[in-house]
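> So here's work.pdb, just PDB, C-alpha atoms:
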ATOM      1  CA  MET A   1       0.000   0.000   0.000
ATOM      2  CA  GLY A   2       2.857   2.399   0.793
ATOM      3  CA  THR A   3       4.501   1.870  -2.601
ATOM      4  CA  SER A   4       1.275   2.369  -4.553
ATOM      5  CA  SER A   5       0.413   5.551  -2.633
ATOM      6  CA  ARG A   6       3.905   6.946  -3.282
ATOM      7  CA  LEU A   7       3.594   6.047  -6.949
ATOM      8  CA  LEU A   8       0.188   7.717  -7.117
ATOM      9  CA  ARG A   9       1.545  10.846  -5.393
ATOM     10  CA  TRP A  10       4.395  10.980  -7.936
ATOM     11  CA  ALA A  11       1.987  10.519 -10.850
ATOM     12  CA  GLU A  12      -0.074  13.484  -9.607
ATOM     13  CA  SER A  13       2.894  15.659  -8.657
ATOM     14  CA  ARG A  14       3.712  18.959 -10.325
ATOM     15  CA  LYS A  15       7.141  17.706 -11.333
ATOM     16  CA  ASN A  16       5.755  14.650 -13.140
ATOM     17  CA  LEU A  17       2.972  16.602 -14.837
ATOM     18  CA  THR A  18       5.352  19.335 -16.019
ATOM     19  CA  GLY A  19       7.903  16.737 -17.152
ATOM     20  CA  SER A  20       5.202  14.800 -18.997
ATOM     21  CA  ALA A  21       4.036  17.947 -20.771
ATOM     22  CA  CYS A  22       7.617  18.700 -21.840
ATOM     23  CA  GLY A  23       8.090  15.057 -22.878
ATOM     24  CA  LEU A  24       4.977  15.306 -25.073
ATOM     25  CA  ALA A  25       6.498  18.385 -26.682
ATOM     26  CA  GLY A  26       9.570  16.226 -27.329
ATOM     27  CA  VAL A  27       7.354  13.572 -28.972
ATOM     28  CA  GLY A  28       5.905  16.338 -31.159
ATOM     29  CA  ILE A  29       9.418  17.403 -32.136
ATOM     30  CA  ALA A  30      10.307  13.773 -32.880
ATOM     31  CA  LEU A  31       7.197  13.341 -35.057
ATOM     32  CA  THR A  32       8.226  16.327 -37.159
ATOM     33  CA  GLY A  33      11.543  14.588 -37.785
ATOM     34  CA  ALA A  34      13.628  17.393 -36.253
ATOM     35  CA  ALA A  35      15.178  15.086 -33.638
ATOM     36  CA  GLY A  36      16.174  12.391 -36.083
ATOM     37  CA  GLY A  37      17.495   9.182 -34.566
ATOM     38  CA  LEU A  38      18.098  10.850 -31.192
ATOM     39  CA  TRP A  39      14.395  11.320 -30.507
ATOM     40  CA  PRO A  40      14.424   9.127 -27.338
ATOM     41  CA  LEU A  41      17.135  11.361 -25.856
ATOM     42  CA  VAL A  42      15.184  14.499 -26.818
ATOM     43  CA  VAL A  43      11.978  13.194 -25.179
ATOM     44  CA  ALA A  44      13.816  12.030 -22.029
ATOM     45  CA  GLY A  45      15.823  15.266 -21.867
ATOM     46  CA  LEU A  46      12.718  17.442 -22.173
ATOM     47  CA  TYR A  47      10.927  15.326 -19.548
ATOM     48  CA  ALA A  48      13.900  15.712 -17.163
ATOM     49  CA  ALA A  49      14.148  19.453 -17.842
ATOM     50  CA  GLY A  50      10.433  19.903 -17.174
ATOM     51  CA  ALA A  51      10.657  17.878 -13.965
ATOM     52  CA  LEU A  52      13.625  19.979 -12.790
ATOM     53  CA  ILE A  53      12.059  23.375 -13.499
ATOM     54  CA  ALA A  54       8.656  22.556 -12.003
ATOM     55  CA  PRO A  55       7.985  24.105  -8.601
ATOM     56  CA  PRO A  56       8.289  21.706  -5.688
ATOM     57  CA  GLU A  57       5.254  20.310  -3.978
ATOM     58  CA  ARG A  58       4.041  22.433  -1.116
ATOM     59  CA  PRO A  59       3.101  20.624   2.029
ATOM     60  CA  GLY A  60      -0.516  21.016   3.024
ATOM     61  CA  THR A  61      -1.284  23.695   5.561
ATOM     62  CA  PRO A  62      -1.651  22.101   8.974
ATOM     63  CA  ARG A  63      -5.118  22.277  10.439
ATOM     64  CA  PHE A  64      -5.276  23.189  14.072
ATOM     65  CA  PRO A  65      -8.431  22.973  16.135
ATOM     66  CA  SER A  66     -10.482  26.153  16.221
ATOM     67  CA  ALA A  67     -11.348  27.947  19.444
ATOM     68  CA  ASP A  68     -14.820  26.366  19.370
ATOM     69  CA  GLU A  69     -13.355  22.872  19.010
ATOM     70  CA  ARG A  70     -10.907  23.522  21.847
ATOM     71  CA  LEU A  71     -13.742  24.859  24.006
ATOM     72  CA  GLY A  72     -15.795  21.750  23.244
ATOM     73  CA  ALA A  73     -12.934  19.494  24.351
ATOM     74  CA  LEU A  74     -12.391  21.663  27.424
ATOM     75  CA  ARG A  75     -16.092  21.434  28.334
ATOM     76  CA  ALA A  76     -15.847  17.636  28.168
ATOM     77  CA  ASP A  77     -12.733  17.709  30.367
ATOM     78  CA  PHE A  78     -14.516  20.049  32.794
ATOM     79  CA  ALA A  79     -17.406  17.580  33.065
ATOM     80  CA  THR A  80     -14.870  14.847  33.861
ATOM     81  CA  LEU A  81     -13.251  17.097  36.477
ATOM     82  CA  ARG A  82     -16.617  17.780  38.105
ATOM     83  CA  GLY A  83     -17.234  14.039  38.403
ATOM     84  CA  TYR A  84     -13.827  13.609  40.043
ATOM     85  CA  LEU A  85     -14.414  16.502  42.440
ATOM     86  CA  ALA A  86     -17.836  15.160  43.427
ATOM     87  CA  GLU A  87     -16.195  11.940  44.646
ATOM     88  CA  ALA A  88     -13.278  13.601  46.469
ATOM     89  CA  ASP A  89     -13.485  13.848  50.247
ATOM     90  CA  LEU A  90     -12.849  17.548  50.868
ATOM     91  CA  PRO A  91     -13.349  19.856  53.854
ATOM     92  CA  PRO A  92     -16.416  22.160  53.721
ATOM     93  CA  ASP A  93     -14.345  25.324  53.153
ATOM     94  CA  ALA A  94     -12.553  23.781  50.174
ATOM     95  CA  ARG A  95     -15.869  22.430  48.870
ATOM     96  CA  ASP A  96     -17.342  25.962  48.966
ATOM     97  CA  ARG A  97     -14.319  27.387  47.135
ATOM     98  CA  LEU A  98     -14.547  24.645  44.524
ATOM     99  CA  THR A  99     -18.252  25.329  44.015
ATOM    100  CA  ALA A 100     -17.503  29.013  43.395
ATOM    101  CA  PHE A 101     -14.668  28.037  41.044
ATOM    102  CA  GLU A 102     -16.868  25.574  39.135
ATOM    103  CA  THR A 103     -19.645  28.143  38.740
ATOM    104  CA  LEU A 104     -17.236  30.720  37.356
ATOM    105  CA  VAL A 105     -15.516  28.294  34.979
ATOM    106  CA  GLU A 106     -18.861  26.961  33.777
ATOM    107  CA  ALA A 107     -19.909  30.519  32.887
ATOM    108  CA  LEU A 108     -16.618  31.188  31.116
ATOM    109  CA  LEU A 109     -16.947  27.990  29.077
ATOM    110  CA  GLU A 110     -20.278  29.071  27.604
ATOM    111  CA  PRO A 111     -20.032  29.489  23.816
ATOM    112  CA  GLY A 112     -19.017  32.912  22.607
ATOM    113  CA  TRP A 113     -17.178  34.176  25.668
ATOM    114  CA  VAL A 114     -13.588  33.023  25.689
ATOM    115  CA  SER A 115     -11.786  33.336  22.367
ATOM    116  CA  ASP A 116      -8.445  34.802  23.468
ATOM    117  CA  PRO A 117      -5.777  32.065  23.289
ATOM    118  CA  ASP A 118      -4.201  33.187  26.570
ATOM    119  CA  HIS A 119      -7.508  32.993  28.410
ATOM    120  CA  LEU A 120      -8.267  29.648  26.826
ATOM    121  CA  HIS A 121      -4.852  28.364  27.880
ATOM    122  CA  ALA A 122      -5.374  29.549  31.461
ATOM    123  CA  LEU A 123      -8.779  27.845  31.595
ATOM    124  CA  ALA A 124      -7.383  24.629  30.150
ATOM    125  CA  ARG A 125      -4.450  24.636  32.554
ATOM    126  CA  ALA A 126      -6.748  25.185  35.529
ATOM    127  CA  VAL A 127      -9.228  22.484  34.495
ATOM    128  CA  ARG A 128      -6.787  19.875  33.238
ATOM    129  CA  GLN A 129      -3.856  20.360  35.575
ATOM    130  CA  ASP A 130      -4.065  22.802  38.490
ATOM    131  CA  VAL A 131      -7.342  21.816  40.178
ATOM    132  CA  PRO A 132      -6.918  18.038  39.787
ATOM    133  CA  GLU A 133      -3.354  18.288  41.074
ATOM    134  CA  ALA A 134      -4.340  20.459  44.047
ATOM    135  CA  VAL A 135      -7.123  18.080  45.073
ATOM    136  CA  ASP A 136      -4.951  15.012  44.485
ATOM    137  CA  LEU A 137      -2.138  16.462  46.595
ATOM    138  CA  TYR A 138      -4.599  17.188  49.398
ATOM    139  CA  VAL A 139      -6.048  13.687  49.262
ATOM    140  CA  ARG A 140      -2.595  12.072  49.217
ATOM    141  CA  THR A 141      -0.951  14.113  51.981
ATOM    142  CA  ARG A 142      -3.659  14.591  54.538
ATOM    143  CA  TRP A 143      -3.322  11.241  56.304
ATOM    144  CA  TRP A 144       0.359  11.462  57.147
ATOM    145  CA  SER A 145       0.443  15.216  57.772
ATOM    146  CA  ARG A 146      -1.661  14.668  60.863
ATOM    147  CA  LEU A 147       1.201  12.567  62.226
ATOM    148  CA  THR A 148       3.698  15.424  61.798
ATOM    149  CA  PRO A 149       3.413  17.949  64.629
ATOM    150  CA  GLY A 150       3.814  21.605  63.687
ATOM    151  CA  ALA A 151       3.352  20.999  59.949
ATOM    152  CA  GLU A 152       1.041  23.262  57.990
ATOM    153  CA  ALA A 153      -2.296  21.593  57.400
ATOM    154  CA  PRO A 154      -2.978  20.377  53.864
ATOM    155  CA  GLU A 155      -6.394  22.077  54.080
ATOM    156  CA  ASP A 156      -4.626  25.433  54.300
ATOM    157  CA  HIS A 157      -2.535  24.705  51.192
ATOM    158  CA  LEU A 158      -5.614  23.523  49.299
ATOM    159  CA  GLY A 159      -7.530  26.649  50.313
ATOM    160  CA  ARG A 160      -4.719  28.936  49.186
ATOM    161  CA  GLN A 161      -4.356  27.103  45.871
ATOM    162  CA  LEU A 162      -8.090  27.257  45.185
ATOM    163  CA  ALA A 163      -8.206  30.946  46.132
ATOM    164  CA  ALA A 164      -5.379  31.708  43.688
ATOM    165  CA  LEU A 165      -7.075  29.748  40.904
ATOM    166  CA  HIS A 166     -10.404  31.464  41.581
ATOM    167  CA  GLY A 167      -8.595  34.805  41.433
ATOM    168  CA  GLU A 168      -7.117  33.894  38.049
ATOM    169  CA  MET A 169     -10.560  32.971  36.689
ATOM    170  CA  THR A 170     -12.028  36.165  38.144
ATOM    171  CA  ALA A 171      -9.358  38.179  36.320
ATOM    172  CA  ILE A 172     -10.339  36.487  33.035
ATOM    173  CA  ALA A 173     -14.002  37.286  33.690
ATOM    174  CA  ALA A 174     -13.094  40.922  34.463
ATOM    175  CA  ALA A 175     -11.078  41.183  31.240
ATOM    176  CA  LEU A 176     -14.023  39.827  29.267
ATOM    177  CA  ARG A 177     -16.371  42.271  31.005
ATOM    178  CA  ASP A 178     -14.038  45.180  30.196
ATOM    179  CA  ALA A 179     -13.758  44.101  26.561
ATOM    180  CA  GLU A 180     -17.548  43.931  26.265
ATOM    181  CA  ALA A 181     -17.903  47.384  27.854
ATOM    182  CA  ILE A 182     -15.418  48.833  25.358
ATOM    183  CA  ARG A 183     -17.247  47.200  22.456
ATOM    184  CA  GLN A 184     -20.516  48.640  23.755
ATOM    185  CA  GLU A 185     -19.034  52.147  24.021
ATOM    186  CA  VAL A 186     -17.522  51.953  20.543
ATOM    187  CA  HIS A 187     -20.804  50.792  19.056
ATOM    188  CA  THR A 188     -22.715  53.564  20.858
ATOM    189  CA  ARG A 189     -20.338  56.188  19.474
ATOM    190  CA  TYR A 190     -20.637  54.701  16.020
ATOM    191  CA  VAL A 191     -24.455  54.785  16.124
ATOM    192  CA  GLU A 192     -24.563  58.323  17.528
ATOM    193  CA  GLU A 193     -22.105  59.682  14.941
ATOM    194  CA  ARG A 194     -23.930  58.188  11.989
TER     195      ARG A 194
END
Mind converting the file's structure to structure tokens?

Amino acid sequence: MGTSSRLLRWAESRKNLTGSACGLAGVGIALTGAAGGLWPLVVAGLYAAGALIAPPERPGTPRFPSADERLGALRADFATLRGYLAEADLPPDARDRLTAFETLVEALLEPGWVSDPDHLHALARAVRQDVPEAVDLYVRTRWWSRLTPGAEAPEDHLGRQLAALHGEMTAIAAALRDAEAIRQEVHTRYVEER
């Protein structure tokens, strides 16, 4: 299959098509009798010249997922995260912070809001890495930390991590709000000046 697909790609390539066209011109020259007994060399030479002067094949433009496709995948990952968080045994304060975080992220993941790649990256990082890691670290360290006197409680670390992540999501929401306010002002000025 690999050989036949390579052969088919060569048959359809610019170099082969240009060389074939030049080779046909060589056949025309040979039919007029201008090439004489060297007609095979003329045809092969014109084919080779055409293949050499033809532009190279351009690789296809890579297709990257659009913002909507990335948001769709992120929504699915967020649903998976919510299922994980529902099963995690967390203190009430952390549960309240996570509920506020989930509400904010759910609003940001609605279609049409987040299109900035930096905001999308921050959302993806929070959903796919930061929150699961924070909860997992809490779940893994809490049992032995109680045996270590004077150590900072894992609940405190989890609370600080969730507060920082909520702050980051709040900053994204504020940036979106500001952008919408600017768009509204610009549109108002446009309508009034018309």
> Care to translate the PyMOL selection byres ((chain A and resi 162) around 10) into actual residues of this file, as a list in words?
Ala94, Arg95, Arg97, Leu98, Ala100, Phe101, Ala126, Asp130, Val131, Ala134, Val135, Asp156, His157, Leu158, Gly159, Arg160, Gln161, Ala163, Ala164, Leu165, His166, Gly167 and Glu168 of chain A
> Write out, as JSON lines, each residue of segment 23-110 of chain A that has an atom at most 10 Å from segment 138-141 of chain A, together with the closest pair of atoms and their distance in Å to one decimal, counting only C-alpha atoms, rows going by chain and rising number.

{"residue": "A:Ala88", "atom": "CA", "partner": "A:Val139", "partner_atom": "CA", "distance": 7.8}
{"residue": "A:Asp89", "atom": "CA", "partner": "A:Val139", "partner_atom": "CA", "distance": 7.5}
{"residue": "A:Leu90", "atom": "CA", "partner": "A:Val139", "partner_atom": "CA", "distance": 8.0}
> Find the residues near segment 111-115 of chain A: any atom within 8 Å, counting only C-alpha atoms, skip ones fewer than 2 places away on the same chain, and give them as a PyMOL selection string.
chain A and resi 67-68+71+108-109+117+119-120+176
> Just to confirm, what's the straight-line distance from atom CA of Pro65 of chain A to atom CA of Arg128 of chain A in Å (one decimal)?
17.5 Å
> Find, counting only C-alpha atoms, the residue in A:Gly37, A:Ala11, A:Ile182, A:Leu85 that gets nearest to Glu133 of chain A.
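Closest residue, counting only C-alpha atoms: A:Leu85.
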> What separation in Å, quoted to one decimal, exists between atom CA of Glu193 of chain A and atom CA of Asp178 of chain A?
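Computing the Euclidean distance for atom CA of Glu193 of chain A and atom CA of Asp178 of chain A yields 22.5 Å.
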